[in-house]
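K.L.:
The structure file model.pdb (PDB, C-alpha atoms) is provided below.
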ATOM      1  CA  VAL A   1     -32.034 -21.295  -9.002
ATOM      2  CA  PHE A   2     -31.968 -17.906 -10.741
ATOM      3  CA  GLU A   3     -30.495 -14.706  -9.320
ATOM      4  CA  ASP A   4     -30.563 -15.879  -5.690
ATOM      5  CA  ILE A   5     -34.132 -17.158  -5.876
ATOM      6  CA  CYS A   6     -34.706 -20.900  -5.713
ATOM      7  CA  TYR A   7     -37.897 -22.202  -7.347
ATOM      8  CA  VAL A   8     -39.048 -25.515  -5.872
ATOM      9  CA  VAL A   9     -42.134 -27.390  -7.041
ATOM     10  CA  PHE A  10     -43.431 -29.923  -4.531
ATOM     11  CA  ASP A  11     -46.909 -31.456  -4.307
ATOM     12  CA  GLN A  12     -48.292 -29.068  -6.960
ATOM     13  CA  ILE A  13     -47.060 -25.924  -5.199
ATOM     14  CA  MET A  14     -44.146 -23.748  -6.330
ATOM     15  CA  TYR A  15     -42.176 -22.143  -3.511
ATOM     16  CA  LEU A  16     -39.998 -19.080  -4.162
ATOM     17  CA  ILE A  17     -37.105 -19.087  -1.682
ATOM     18  CA  ASP A  18     -34.541 -16.319  -1.238
ATOM     19  CA  VAL A  19     -31.145 -18.052  -0.978
ATOM     20  CA  ALA A  20     -28.955 -14.933  -1.089
ATOM     21  CA  ASP A  21     -27.873 -15.904   2.427
ATOM     22  CA  PRO A  22     -27.445 -19.691   2.075
ATOM     23  CA  GLU A  23     -27.232 -20.106   5.859
ATOM     24  CA  SER A  24     -30.699 -18.623   6.282
ATOM     25  CA  PRO A  25     -32.994 -19.195   3.265
ATOM     26  CA  GLN A  26     -36.232 -17.230   3.437
ATOM     27  CA  LEU A  27     -39.570 -18.217   1.907
ATOM     28  CA  ILE A  28     -40.764 -15.333  -0.285
ATOM     29  CA  SER A  29     -44.046 -16.665  -1.651
ATOM     30  CA  SER A  30     -45.809 -19.692  -3.072
ATOM     31  CA  ILE A  31     -48.322 -20.466  -5.791
ATOM     32  CA  GLU A  32     -50.294 -23.513  -6.948
ATOM     33  CA  VAL A  33     -48.869 -25.360  -9.946
ATOM     34  CA  PRO A  34     -51.323 -27.488 -11.962
ATOM     35  CA  GLY A  35     -49.476 -30.710 -12.735
ATOM     36  CA  SER A  36     -47.061 -33.322 -11.466
ATOM     37  CA  HIS A  37     -43.402 -34.314 -12.101
ATOM     38  CA  PRO A  38     -42.351 -30.887 -13.361
ATOM     39  CA  CYS A  39     -39.453 -29.752 -15.486
ATOM     40  CA  ILE A  40     -38.700 -26.044 -15.063
ATOM     41  CA  ILE A  41     -37.113 -23.382 -17.255
ATOM     42  CA  LYS A  42     -36.765 -19.600 -16.935
ATOM     43  CA  SER A  43     -37.258 -16.972 -19.623
ATOM     44  CA  GLU A  44     -36.604 -13.406 -18.487
ATOM     45  CA  GLU A  45     -39.509 -12.697 -16.093
ATOM     46  CA  LEU A  46     -41.237 -16.022 -16.742
ATOM     47  CA  ILE A  47     -41.011 -19.421 -15.112
ATOM     48  CA  ILE A  48     -42.301 -22.189 -17.388
ATOM     49  CA  THR A  49     -43.157 -25.658 -16.081
ATOM     50  CA  GLY A  50     -43.895 -28.793 -18.117
ATOM     51  CA  HIS A  51     -45.622 -31.812 -16.584
ATOM     52  CA  SER A  52     -46.111 -35.535 -17.004
ATOM     53  CA  HIS A  53     -49.833 -35.177 -17.756
ATOM     54  CA  GLY A  54     -49.215 -32.627 -20.505
ATOM     55  CA  ASN A  55     -49.709 -29.206 -18.903
ATOM     56  CA  ILE A  56     -47.357 -26.333 -19.694
ATOM     57  CA  ASN A  57     -47.735 -23.445 -17.242
ATOM     58  CA  PHE A  58     -46.494 -19.870 -17.610
ATOM     59  CA  PHE A  59     -45.860 -17.859 -14.436
ATOM     60  CA  ASP A  60     -45.122 -14.143 -14.267
ATOM     61  CA  ILE A  61     -42.357 -13.744 -11.638
ATOM     62  CA  SER A  62     -41.580 -10.053 -12.252
ATOM     63  CA  ASN A  63     -42.712  -9.538  -8.640
ATOM     64  CA  PRO A  64     -41.414 -12.539  -6.646
ATOM     65  CA  GLN A  65     -43.661 -11.560  -3.751
ATOM     66  CA  GLU A  66     -46.721 -12.164  -5.922
ATOM     67  CA  PRO A  67     -46.079 -14.712  -8.713
ATOM     68  CA  ARG A  68     -48.995 -15.074 -11.120
ATOM     69  CA  LEU A  69     -50.148 -17.953 -13.314
ATOM     70  CA  ILE A  70     -50.830 -16.226 -16.624
ATOM     71  CA  ASN A  71     -51.479 -19.178 -18.935
ATOM     72  CA  THR A  72     -51.824 -22.959 -19.076
ATOM     73  CA  ILE A  73     -51.803 -25.005 -22.267
ATOM     74  CA  ASN A  74     -52.206 -28.773 -22.518
ATOM     75  CA  GLN A  75     -50.202 -30.953 -24.898
ATOM     76  CA  GLU A  76     -52.321 -34.016 -23.992
ATOM     77  CA  ARG A  77     -49.046 -35.962 -23.813
ATOM     78  CA  SER A  78     -46.376 -36.250 -21.135
ATOM     79  CA  VAL A  79     -43.746 -33.489 -21.224
ATOM     80  CA  SER A  80     -40.256 -34.780 -20.365
ATOM     81  CA  ASP A  81     -38.086 -31.683 -20.908
ATOM     82  CA  LEU A  82     -38.052 -28.059 -22.045
ATOM     83  CA  GLY A  83     -35.500 -26.040 -24.000
ATOM     84  CA  LEU A  84     -35.400 -22.329 -24.719
ATOM     85  CA  GLN A  85     -33.707 -20.230 -27.387
ATOM     86  CA  ASP A  86     -34.661 -16.568 -27.579
ATOM     87  CA  SER A  87     -38.467 -16.593 -27.766
ATOM     88  CA  LEU A  88     -38.757 -20.201 -28.961
ATOM     89  CA  LEU A  89     -39.781 -22.884 -26.471
ATOM     90  CA  PHE A  90     -38.834 -26.456 -27.433
ATOM     91  CA  VAL A  91     -41.051 -29.057 -25.768
ATOM     92  CA  LYS A  92     -39.901 -32.691 -25.625
ATOM     93  CA  ILE A  93     -42.881 -35.037 -25.438
ATOM     94  CA  ASN A  94     -42.414 -38.642 -24.326
ATOM     95  CA  ASN A  95     -43.524 -40.336 -27.514
ATOM     96  CA  GLY A  96     -40.699 -38.744 -29.505
ATOM     97  CA  ILE A  97     -42.494 -35.602 -30.620
ATOM     98  CA  ILE A  98     -40.799 -32.195 -30.520
ATOM     99  CA  HIS A  99     -43.174 -29.240 -30.257
ATOM    100  CA  VAL A 100     -41.918 -25.685 -30.885
ATOM    101  CA  LEU A 101     -43.814 -22.656 -29.566
ATOM    102  CA  ASP A 102     -43.171 -18.963 -30.067
ATOM    103  CA  ILE A 103     -43.699 -17.484 -26.593
ATOM    104  CA  SER A 104     -43.039 -13.832 -27.428
ATOM    105  CA  ASP A 105     -46.529 -13.324 -26.000
ATOM    106  CA  PRO A 106     -46.789 -16.036 -23.298
ATOM    107  CA  GLU A 107     -50.495 -15.429 -22.912
ATOM    108  CA  ASN A 108     -50.953 -16.374 -26.572
ATOM    109  CA  PRO A 109     -48.165 -18.804 -27.603
ATOM    110  CA  GLU A 110     -48.049 -19.594 -31.301
ATOM    111  CA  ASP A 111     -47.440 -23.058 -32.750
ATOM    112  CA  VAL A 112     -44.319 -23.125 -34.893
ATOM    113  CA  PHE A 113     -43.651 -26.829 -35.419
ATOM    114  CA  THR A 114     -44.790 -30.263 -34.254
ATOM    115  CA  GLY A 115     -43.157 -33.461 -35.477
ATOM    116  CA  ASP A 116     -41.906 -36.911 -34.552
ATOM    117  CA  MET A 117     -38.195 -36.122 -34.418
ATOM    118  CA  SER A 118     -36.598 -38.422 -31.859
ATOM    119  CA  TRP A 119     -36.877 -41.828 -30.270
ATOM    120  CA  GLY A 120     -38.621 -42.201 -26.920
ATOM    121  CA  SER A 121     -38.432 -39.912 -23.932
ATOM    122  CA  GLY A 122     -35.295 -38.255 -22.644
ATOM    123  CA  ARG A 123     -33.622 -34.937 -22.097
ATOM    124  CA  ILE A 124     -32.764 -32.248 -24.566
ATOM    125  CA  GLY A 125     -29.968 -29.697 -24.871
ATOM    126  CA  LEU A 126     -29.579 -26.755 -27.222
ATOM    127  CA  THR A 127     -26.603 -25.355 -29.082
ATOM    128  CA  GLU A 128     -26.848 -22.360 -31.394
ATOM    129  CA  ASP A 129     -28.019 -24.419 -34.371
ATOM    130  CA  TYR A 130     -28.873 -27.835 -33.009
ATOM    131  CA  LEU A 131     -31.172 -29.570 -30.573
ATOM    132  CA  LEU A 132     -29.742 -32.714 -29.002
ATOM    133  CA  ASN A 133     -32.102 -35.354 -27.668
ATOM    134  CA  ILE A 134     -30.645 -38.006 -25.378
ATOM    135  CA  SER A 135     -32.537 -41.223 -24.772
ATOM    136  CA  ARG A 136     -31.238 -44.632 -25.872
ATOM    137  CA  ARG A 137     -29.930 -42.717 -28.827
ATOM    138  CA  LEU A 138     -28.448 -39.266 -29.212
ATOM    139  CA  THR A 139     -30.411 -37.558 -31.967
ATOM    140  CA  THR A 140     -29.115 -34.314 -33.495
ATOM    141  CA  ILE A 141     -31.829 -32.051 -34.878
ATOM    142  CA  ASP A 142     -31.157 -28.983 -37.034
ATOM    143  CA  ILE A 143     -33.170 -26.025 -35.620
ATOM    144  CA  SER A 144     -31.848 -23.309 -37.939
ATOM    145  CA  HIS A 145     -35.347 -23.310 -39.493
ATOM    146  CA  PRO A 146     -37.591 -23.756 -36.429
ATOM    147  CA  ASP A 147     -40.715 -24.153 -38.549
ATOM    148  CA  GLU A 148     -39.191 -27.217 -40.228
ATOM    149  CA  LEU A 149     -36.866 -29.140 -37.928
ATOM    150  CA  THR A 150     -34.653 -31.736 -39.574
ATOM    151  CA  SER A 151     -32.983 -34.781 -38.021
ATOM    152  CA  ILE A 152     -29.408 -34.962 -39.317
ATOM    153  CA  SER A 153     -27.689 -37.645 -37.230
ATOM    154  CA  VAL A 154     -28.403 -40.486 -34.819
ATOM    155  CA  PHE A 155     -25.805 -41.952 -32.472
ATOM    156  CA  ASN A 156     -26.862 -45.246 -30.936
ATOM    157  CA  THR A 157     -25.558 -45.723 -27.380
ATOM    158  CA  GLY A 158     -26.955 -49.275 -27.301
ATOM    159  CA  GLN A 159     -30.030 -50.791 -25.707
ATOM    160  CA  TYR A 160     -29.427 -49.328 -22.262
ATOM    161  CA  TYR A 161     -31.525 -47.920 -19.482
ATOM    162  CA  ILE A 162     -30.528 -44.245 -19.290
ATOM    163  CA  HIS A 163     -30.296 -42.984 -15.710
ATOM    164  CA  SER A 164     -29.202 -39.468 -16.538
ATOM    165  CA  SER A 165     -27.577 -37.277 -19.130
ATOM    166  CA  HIS A 166     -25.904 -33.914 -19.211
ATOM    167  CA  ILE A 167     -24.704 -31.749 -22.077
ATOM    168  CA  ALA A 168     -21.753 -29.512 -21.213
ATOM    169  CA  GLY A 169     -19.792 -27.559 -23.773
ATOM    170  CA  ASN A 170     -18.659 -29.937 -26.504
ATOM    171  CA  CYS A 171     -19.473 -33.123 -24.600
ATOM    172  CA  ALA A 172     -22.523 -35.160 -23.709
ATOM    173  CA  TYR A 173     -22.305 -37.406 -20.639
ATOM    174  CA  ILE A 174     -24.666 -40.359 -20.399
ATOM    175  CA  GLY A 175     -24.973 -42.597 -17.331
ATOM    176  CA  HIS A 176     -26.687 -45.890 -18.074
ATOM    177  CA  GLU A 177     -27.072 -49.550 -17.171
ATOM    178  CA  PRO A 178     -26.849 -52.301 -19.813
ATOM    179  CA  ASP A 179     -28.653 -54.474 -17.243
ATOM    180  CA  TRP A 180     -30.591 -52.258 -14.854
ATOM    181  CA  LEU A 181     -30.965 -55.122 -12.380
ATOM    182  CA  ASN A 182     -27.188 -55.523 -12.121
ATOM    183  CA  SER A 183     -25.436 -52.418 -10.736
ATOM    184  CA  GLU A 184     -22.024 -53.878 -11.623
ATOM    185  CA  THR A 185     -22.719 -53.213 -15.291
ATOM    186  CA  ASN A 186     -23.189 -49.447 -14.868
ATOM    187  CA  THR A 187     -21.153 -47.335 -17.271
ATOM    188  CA  LEU A 188     -20.615 -43.694 -18.172
ATOM    189  CA  ILE A 189     -20.322 -42.703 -21.832
ATOM    190  CA  ARG A 190     -18.661 -39.512 -23.011
ATOM    191  CA  ILE A 191     -19.683 -38.338 -26.489
ATOM    192  CA  ASP A 192     -17.883 -35.582 -28.395
ATOM    193  CA  ILE A 193     -20.445 -33.220 -29.945
ATOM    194  CA  THR A 194     -18.013 -30.560 -31.215
ATOM    195  CA  ASP A 195     -19.685 -31.216 -34.552
ATOM    196  CA  PRO A 196     -23.238 -32.199 -33.562
ATOM    197  CA  SER A 197     -23.806 -33.594 -37.049
ATOM    198  CA  ARG A 198     -21.068 -36.171 -36.373
ATOM    199  CA  PRO A 199     -21.198 -37.147 -32.674
ATOM    200  CA  HIS A 200     -18.744 -39.842 -31.673
ATOM    201  CA  GLU A 201     -17.946 -41.729 -28.494
ATOM    202  CA  THR A 202     -14.631 -40.802 -26.871
ATOM    203  CA  ASP A 203     -14.760 -42.981 -23.778
ATOM    204  CA  ARG A 204     -16.839 -45.537 -21.932
ATOM    205  CA  ARG A 205     -15.966 -46.680 -18.427
ATOM    206  CA  ASN A 206     -17.390 -48.724 -15.599
ATOM    207  CA  SER A 207     -18.812 -46.512 -12.911
ATOM    208  CA  THR A 208     -21.229 -46.132 -10.057
ATOM    209  CA  SER A 209     -24.976 -45.820 -10.631
ATOM    210  CA  TYR A 210     -25.585 -42.332 -11.986
ATOM    211  CA  ASN A 211     -28.666 -40.441 -10.880
ATOM    212  CA  GLU A 212     -27.737 -36.831 -11.721
ATOM    213  CA  ILE A 213     -24.778 -35.397 -13.624
ATOM    214  CA  GLU A 214     -23.695 -31.743 -13.718
ATOM    215  CA  MET A 215     -20.606 -30.034 -15.083
ATOM    216  CA  VAL A 216     -18.675 -27.001 -13.781
ATOM    217  CA  ASP A 217     -15.915 -25.069 -15.582
ATOM    218  CA  GLU A 218     -15.704 -27.730 -18.330
ATOM    219  CA  HIS A 219     -13.500 -29.993 -16.230
ATOM    220  CA  LEU A 220     -15.275 -30.642 -12.910
ATOM    221  CA  LEU A 221     -17.910 -33.356 -13.084
ATOM    222  CA  TYR A 222     -20.424 -33.499 -10.213
ATOM    223  CA  VAL A 223     -22.265 -36.778  -9.794
ATOM    224  CA  LEU A 224     -25.144 -37.661  -7.472
ATOM    225  CA  ASP A 225     -25.362 -41.444  -7.566
ATOM    226  CA  LEU A 226     -28.107 -43.889  -6.667
ATOM    227  CA  ASP A 227     -26.279 -44.769  -3.432
ATOM    228  CA  ASN A 228     -26.881 -41.192  -2.168
ATOM    229  CA  ASP A 229     -23.214 -40.283  -2.568
ATOM    230  CA  LEU A 230     -22.015 -37.000  -4.045
ATOM    231  CA  ARG A 231     -18.779 -37.259  -6.024
ATOM    232  CA  VAL A 232     -16.623 -34.637  -7.725
ATOM    233  CA  TYR A 233     -14.250 -35.643 -10.529
ATOM    234  CA  ASP A 234     -11.573 -33.693 -12.372
ATOM    235  CA  VAL A 235     -11.979 -34.795 -15.999
ATOM    236  CA  SER A 236      -9.566 -32.345 -17.624
ATOM    237  CA  ASP A 237      -7.591 -35.433 -18.642
ATOM    238  CA  TRP A 238     -10.384 -37.771 -19.569
ATOM    239  CA  GLN A 239      -8.196 -40.844 -19.710
ATOM    240  CA  ASN A 240      -6.914 -40.220 -16.180
ATOM    241  CA  TRP A 241      -9.739 -38.510 -14.353
ATOM    242  CA  GLU A 242      -9.332 -37.927 -10.638
ATOM    243  CA  MET A 243     -11.919 -38.098  -7.869
ATOM    244  CA  LEU A 244     -11.499 -34.925  -5.795
ATOM    245  CA  PHE A 245     -14.319 -35.395  -3.301
ATOM    246  CA  HIS A 246     -16.624 -38.165  -2.131
ATOM    247  CA  ASN A 247     -19.341 -37.551   0.444
ATOM    248  CA  GLU A 248     -21.007 -40.687   1.823
ATOM    249  CA  THR A 249     -22.960 -38.882   4.532
ATOM    250  CA  VAL A 250     -25.505 -36.948   2.481
ATOM    251  CA  GLU A 251     -29.138 -37.876   2.939
ATOM    252  CA  PHE A 252     -31.260 -39.455   0.235
ATOM    253  CA  GLU A 253     -31.388 -36.868  -2.548
ATOM    254  CA  ARG A 254     -33.113 -36.906  -5.889
ATOM    255  CA  GLU A 255     -31.630 -34.045  -7.912
ATOM    256  CA  LEU A 256     -28.772 -31.580  -7.899
ATOM    257  CA  PHE A 257     -28.574 -28.109  -9.366
ATOM    258  CA  ILE A 258     -25.406 -26.010  -9.494
ATOM    259  CA  ASN A 259     -25.383 -22.219  -9.532
ATOM    260  CA  GLY A 260     -22.087 -20.403  -9.010
ATOM    261  CA  ASP A 261     -20.349 -21.640  -5.878
ATOM    262  CA  ARG A 262     -23.409 -23.444  -4.561
ATOM    263  CA  CYS A 263     -24.898 -26.863  -5.111
ATOM    264  CA  TYR A 264     -28.590 -27.362  -4.305
ATOM    265  CA  LEU A 265     -29.915 -30.860  -3.614
ATOM    266  CA  ASN A 266     -33.511 -31.976  -3.210
ATOM    267  CA  LEU A 267     -34.161 -34.159  -0.171
ATOM    268  CA  PHE A 268     -36.609 -37.008  -0.685
ATOM    269  CA  PRO A 269     -38.991 -37.642   2.238
ATOM    270  CA  GLY A 270     -38.585 -41.049   3.836
ATOM    271  CA  TRP A 271     -36.010 -43.503   2.475
ATOM    272  CA  GLY A 272     -33.704 -42.993   5.460
ATOM    273  CA  ASN A 273     -34.456 -39.311   5.982
ATOM    274  CA  ASN A 274     -36.896 -39.944   8.826
ATOM    275  CA  GLY A 275     -39.648 -38.298   6.825
ATOM    276  CA  ARG A 276     -37.687 -35.091   6.192
ATOM    277  CA  ASN A 277     -37.977 -33.274   2.920
ATOM    278  CA  GLY A 278     -36.561 -30.025   1.676
ATOM    279  CA  MET A 279     -33.279 -28.778   0.320
ATOM    280  CA  SER A 280     -29.571 -29.094   1.110
ATOM    281  CA  ILE A 281     -27.233 -26.263   0.101
ATOM    282  CA  MET A 282     -23.526 -26.985  -0.257
ATOM    283  CA  ASP A 283     -20.602 -24.585  -0.748
ATOM    284  CA  ILE A 284     -18.563 -25.945  -3.664
ATOM    285  CA  SER A 285     -15.992 -23.149  -3.937
ATOM    286  CA  ASN A 286     -13.380 -25.722  -2.921
ATOM    287  CA  PRO A 287     -14.100 -28.874  -4.984
ATOM    288  CA  HIS A 288     -11.722 -30.847  -2.729
ATOM    289  CA  GLN A 289     -13.874 -30.173   0.335
ATOM    290  CA  LEU A 290     -17.526 -29.370  -0.117
ATOM    291  CA  GLU A 291     -19.328 -27.962   2.920
TER     292      GLU A 291
END
As structure tokens, how would this structure be written, given the file I've shared?

P.N.:
Amino acid sequence: VFEDICYVVFDQIMYLIDVADPESPQLISSIEVPGSHPCIIKSEELIITGHSHGNINFFDISNPQEPRLINTINQERSVSDLGLQDSLLFVKINNGIIHVLDISDPENPEDVFTGDMSWGSGRIGLTEDYLLNISRRLTTIDISHPDELTSISVFNTGQYYIHSSHIAGNCAYIGHEPDWLNSETNTLIRIDITDPSRPHETDRRNSTSYNEIEMVDEHLLYVLDLDNDLRVYDVSDWQNWEMLFHNETVEFERELFINGDRCYLNLFPGWGNNGRNGMSIMDISNPHQLE
């Protein structure tokens, strides 16, 4: 969601939806998106999508009524996440490779760097000088010289199945299962990354199954779990965090995205939704009572 427009990719089509009035979203336009399982990032008047079969697509959205596909490049490997800093696009590829592109001219991106920098697939987050890759390990990569990335630290979270991860401020939150067949072993790790060259674990606690994690105002943790429940926690005192809200009535949802006072959730067709699919919008201005 960017500036009251929600970009939704479903079944290889991107829908642009005006959500300025959340009680009456309006479809603006749509365009075909070559690829499946997308990750999406925005750069000024561009939407960039990366896909599991390797495509990276560049869409001109300067006119939301008529979005245009202006370029497609193929990495020939599955793209798991995208990061952006100024005109540099960081592409996380599932076999551990980080690819850096200069997209100053998106119709002619230039290769800056390609290297095996991290273990496995996972998500990435960017600080001013570092790229953080979260998979079964948290790898810190120095990006001060984008043409020669350097791995400077590795923090091993253990041999766990990572459900989700989120980087917020000086903390990384990782939801995982030591035994993914046994939900009672689910835990949430909090890692201090104030100095990304020396990440260290500050807490680990038993928890529900984590599907998506988002952070608001550095102390409100929003969690969409695998039981379809949405939970809000106050973690300003990490040792004594407080659950402010728990909604057990939401439908089966796959992802959450927070923008301002709104939370957007993707509905998954079937799985108890009677075949429905689409989007739920929640008002989160009062974290004690989401609507």

K.L.:
Just the residues within 8 Å of Pro106 of chain A, please, counting only C-alpha atoms, with nothing from its chain fewer than 4 positions along; format it as a list in words.

P.N.:
Phe58, Ile70 and Asn71 of chain A

K.L.:
Which value, in Å to one decimal, gives the distance between atom CA of Asn133 of chain A and atom CA of Gly50 of chain A?

P.N.:
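Computed distance, atom CA of Asn133 of chain A to atom CA of Gly50 of chain A, equals 16.5 Å.
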
K.L.:
Please provide the set of residues having any atom within 7 Å of Leu138 of chain A, restricted to all atoms listed in the file, with same-chain residues fewer than 4 positions apart removed, written as a list in words.

P.N.:
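Once the nearby chain positions are removed, what remains is Leu132, Asn133, Ile134, Val154, Phe155 and Asn156 of chain A.
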
K.L.:
One decimal, in Å: what's the spacing between atom CA of Ile143 of chain A and atom CA of Asp195 of chain A?

P.N.:
14.5 Å

K.L.:
Would you kindly return, as a list in words, each protein, DNA or RNA residue with an atom no farther than 7 Å from any atom of Asp229 of chain A, considering all atoms listed in the file and excluding same-chain residues fewer than 4 positions away?

P.N.:
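Those residues are Leu224, Asp225, His246, Asn247, Glu248 and Val250 of chain A.
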
K.L.:
Counting all atoms listed in the file, which residue out of A:Glu32, A:Asp203, A:Asp192, A:Glu3 sits closest to Glu45 of chain A?

P.N.:
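Looking at the shortest contact to Glu45 of chain A, the residue is A:Glu3.
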
K.L.:
Run through the PyMOL selection byres ((chain A and resi 9-23) around 12) on the given coordinates and return the selected residues as a PyMOL selection string.

P.N.:
chain A and resi 1-8+24-40+47-51+57+59+61+63-69+259-264+266-269+277-283+291

K.L.:
Quick one: distance from atom CA of Pro196 of chain A to atom CA of Gln85 of chain A in Å, one decimal?

P.N.:
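Result for atom CA of Pro196 of chain A versus atom CA of Gln85 of chain A: 17.1 Å, one decimal.
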
K.L.:
Closest to Thr127 of chain A among A:Asp217, A:Tyr173, A:Ile193, A:Leu149, using all atoms listed in the file?

P.N.:
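For Thr127 of chain A, the nearest of the given residues is A:Ile193.
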
K.L.:
Could you tell me which residues the PyMOL selection byres ((chain A and resi 235) around 12) grabs in this file, written as number ranges by chain?

P.N.:
A: 171, 173, 190, 203, 215-222, 232-234, 236-244

K.L.:
Can you give me, as a PDB file with C-alpha atoms, in the coordinates of the input, the residues this file yields under the PyMOL selection byres ((chain A and resi 74-76) around 8)?

P.N.:
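Result written to result10.pdb:
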ATOM      1  CA  HIS A  53     -49.833 -35.177 -17.756  1.00  0.00           C
ATOM      2  CA  GLY A  54     -49.215 -32.627 -20.505  1.00  0.00           C
ATOM      3  CA  ASN A  55     -49.709 -29.206 -18.903  1.00  0.00           C
ATOM      4  CA  ILE A  56     -47.357 -26.333 -19.694  1.00  0.00           C
ATOM      5  CA  THR A  72     -51.824 -22.959 -19.076  1.00  0.00           C
ATOM      6  CA  ILE A  73     -51.803 -25.005 -22.267  1.00  0.00           C
ATOM      7  CA  ARG A  77     -49.046 -35.962 -23.813  1.00  0.00           C
ATOM      8  CA  SER A  78     -46.376 -36.250 -21.135  1.00  0.00           C
ATOM      9  CA  VAL A  79     -43.746 -33.489 -21.224  1.00  0.00           C
TER      10      VAL A  79
END

K.L.:
Calculated over all atoms listed in the file, which of the candidates A:Asn95, A:Ser197, A:Asn170, A:Thr187 has the smallest distance to Thr139 of chain A?

P.N.:
A:Ser197
